[in-house]
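> Before I ask anything, let me first share the structure, which is written out below as structure tokens.
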Amino acid sequence: MADIRFDGKVAIVTGAGGGLGRQHALELARRGAKVVVNDLGGSMDGAGGGSDAANKVVDEIKAAGGEAIANGSSVTDDAGVARMVKDAMDAWGRIDVLVANAGILRDKTFAKMEIPDFEIVLNVHLLGTVKPAKAVWEIMRNQNYGRIVVTTSSSGLYGNFGQSNYGAAKLGIIGFMNTLKLEGQKNNIHVNAISPVAATRMTENLGMPPEVLGLLKPELVTPGVVFLCSEEAPTGTILTAGAGAFAVSRIVETEGVAIGPNATVEQVRDNWAKIADPAGQQAYVNGGEQSAKFFRKLQGG
């Protein structure tokens with residue numbers, strides 16, 4: 001089969017000044033994409049800012065013969081996001097790919113976490129994905145083509161101590177993706193999520209031994225992301241990736257038990273083993289499929 005290429009296509013990668021985003025931007029450019037390298041240049045808790053990191057990645061891309069421009073906008077700033085999209089349209093006249101990768105951390109146990117720590121992480125991860133997606137959505141609809149990759153996390157999918165804010169934002173992104181995959185279908189806009197495991201600034205304080213960190217190179221996640229950016233990408237998929245290994249995560253629902261219209265608390269308790277039985281569990285494509293299951297059970301099917 002032919003190599004996956006992005007010749008003539010334009011990609012925006014947020015948070016691309018380092019770590020995962022940098023690798024995604026470099027690989028997209030190496031395969032022919034023109035790339036907007038977005039990075040606020042702040043610290044891991046969102047403080048500060050500057051476009052030096054983005055400029056360095058642009059220089060790398062240009063030195064390798066590619067095309068790129070830098071953008072230092074915050075993904076939470078409406079005017080900045082609009083400017084990022086305008087920069088791409090002014091330079092190249094189209095936007096085919098958005099990789100929403102930007103993020104920060106404010107890790108604390110829920111007991112010690114202040115609401116502002118919760119709000120800023122939600123804003124950067126969730127609204128910082130929504131705002132760029134909204135800004136490119138009509139462009140992609142008018143083109144009848146688009147690929148959007150959002151970034152989730154095992155903290156959102158499964159939980160992680162001290163990351164209630166981050167986990168809430170990262171699972172919220174999956175809810176966002178699950179609706180966009182449906183609304184984008186008729187215009188050939190595919191929306192997928194990557195759940196990466198990689199050694200970056202955001203993981204350097206987790207206490208992993210150096211030999212483990214050496215296996216978790218960001219560039220070993222990038223092949224999965226770039227595939228999700230391609231014409232052959234699926235839609236509505238959560239791809240997990242780390243150390244060169246790849247898997248798909250799904251939200252599944254058990255078949256459950258129809259107790260009846262007079263169900264009691266005690267009957268739920270007494271049927272719990274059957275309610276939670278994983279045999280026959282399914283991953284639904286939309287909420288209507290779940291409703292259909294309950295109507296079927298209501299009718300005794």
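The chains in the structure tokens are called A, B, ... from first to last as shown; in each chain the residues are counted from 1, and the ligands are counted from 1 in the order shown.
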Would you mind listing what lies within 8 Å of region 93-105 of chain A as a ChimeraX atom specification, with only C-alpha atoms counted and same-chain residues fewer than 4 positions away left out?
/A:9-16,20-21,39,43-46,75,88-89,121,124-125,128-129,132-133,136,139-140,145-151,166,202,229
> Check the smallest atom-to-atom distance from each of A:Gly244, A:Gly300, A:Gly18, A:Gly184 to Trp137 (chain A) using only C-alpha atoms, then report the winner.
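The answer is A:Gly184, which sits nearest to Trp137 (chain A).
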> Got a sec: who's within 12 Å of Lys186 (chain A), counting only C-alpha atoms, leaving out chain neighbours fewer than 4 positions off, as an mmCIF file with N, CA, C and O atoms, in the first residue's frame?

```cif
data_model
loop_
_atom_site.group_PDB
_atom_site.id
_atom_site.type_symbol
_atom_site.label_atom_id
_atom_site.label_comp_id
_atom_site.auth_asym_id
_atom_site.auth_seq_id
_atom_site.Cartn_x
_atom_site.Cartn_y
_atom_site.Cartn_z
ATOM 1 N N MET A 140 -14.275 23.215 7.350
ATOM 2 C CA MET A 140 -14.268 21.805 6.983
ATOM 3 C C MET A 140 -15.586 21.388 6.349
ATOM 4 O O MET A 140 -15.614 20.599 5.393
ATOM 5 N N ARG A 141 -16.698 21.911 6.860
ATOM 6 C CA ARG A 141 -18.007 21.608 6.254
ATOM 7 C C ARG A 141 -18.066 22.098 4.809
ATOM 8 O O ARG A 141 -18.542 21.395 3.914
ATOM 9 N N ASN A 142 -17.583 23.298 4.570
ATOM 10 C CA ASN A 142 -17.615 23.859 3.217
ATOM 11 C C ASN A 142 -16.699 23.101 2.261
ATOM 12 O O ASN A 142 -16.978 23.006 1.062
ATOM 13 N N GLN A 143 -15.614 22.556 2.797
ATOM 14 C CA GLN A 143 -14.693 21.742 1.988
ATOM 15 C C GLN A 143 -15.219 20.326 1.760
ATOM 16 O O GLN A 143 -14.698 19.600 0.920
ATOM 17 N N ASN A 144 -16.200 19.927 2.606
ATOM 18 C CA ASN A 144 -16.622 18.527 2.674
ATOM 19 C C ASN A 144 -15.442 17.618 2.992
ATOM 20 O O ASN A 144 -15.333 16.506 2.477
ATOM 21 N N TYR A 145 -14.599 18.096 3.893
ATOM 22 C CA TYR A 145 -13.460 17.283 4.329
ATOM 23 C C TYR A 145 -12.862 17.886 5.594
ATOM 24 O O TYR A 145 -12.645 19.095 5.685
ATOM 25 N N GLY A 146 -12.549 17.034 6.527
ATOM 26 C CA GLY A 146 -11.828 17.466 7.714
ATOM 27 C C GLY A 146 -11.478 16.284 8.596
ATOM 28 O O GLY A 146 -12.170 15.270 8.615
ATOM 29 N N LEU A 180 -19.667 15.166 17.765
ATOM 30 C CA LEU A 180 -19.094 15.660 16.508
ATOM 31 C C LEU A 180 -18.954 14.560 15.469
ATOM 32 O O LEU A 180 -19.103 14.812 14.272
ATOM 33 N N LYS A 181 -18.687 13.334 15.902
ATOM 34 C CA LYS A 181 -18.544 12.247 14.926
ATOM 35 C C LYS A 181 -19.847 12.054 14.157
ATOM 36 O O LYS A 181 -19.843 11.702 12.970
ATOM 37 N N LEU A 182 -20.992 12.285 14.827
ATOM 38 C CA LEU A 182 -22.298 12.135 14.182
ATOM 39 C C LEU A 182 -22.599 13.339 13.297
ATOM 40 O O LEU A 182 -23.049 13.186 12.151
ATOM 41 N N HIS A 190 -14.133 13.541 10.052
ATOM 42 C CA HIS A 190 -13.923 12.454 11.003
ATOM 43 C C HIS A 190 -13.281 13.009 12.267
ATOM 44 O O HIS A 190 -12.334 13.803 12.205
#
```
> From the DSSP assignment of the backbone, select every residue of region 94-270 of chain A that is alpha helix (DSSP H), and format the answer as a PyMOL selection string.
chain A and resi 115-122+128-143+154-157+164-183+210-215+222-228+265-270
> DSSP on the backbone, then: every residue of region 84-240 of chain A marked strand (DSSP E), written as a list of chain:residue names.
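Restricting region 84-240 of chain A to strand (DSSP E) produces A:Val97, A:Leu98, A:Val99, A:Ala100, A:Gly146, A:Arg147, A:Ile148, A:Val149, A:Val150, A:Thr151, A:Ile189, A:His190, A:Val191, A:Asn192, A:Ala193, A:Ile194, A:Ser195, A:Pro196, A:Val197, A:Ile238, A:Leu239, A:Thr240.
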> Just the residues within 7 Å of region 65-74 of chain A, please, counting only C-alpha atoms, with nothing from its chain fewer than 4 positions along; format it as a PyMOL selection string.
chain A and resi 29-30+34-40+50-51+54-55+58+61+80-81+84
> Nearest residue to Ile238 (chain A) out of A:Asp277, A:Ala258, A:Leu157, A:Thr222, using only C-alpha atoms?
A:Leu157
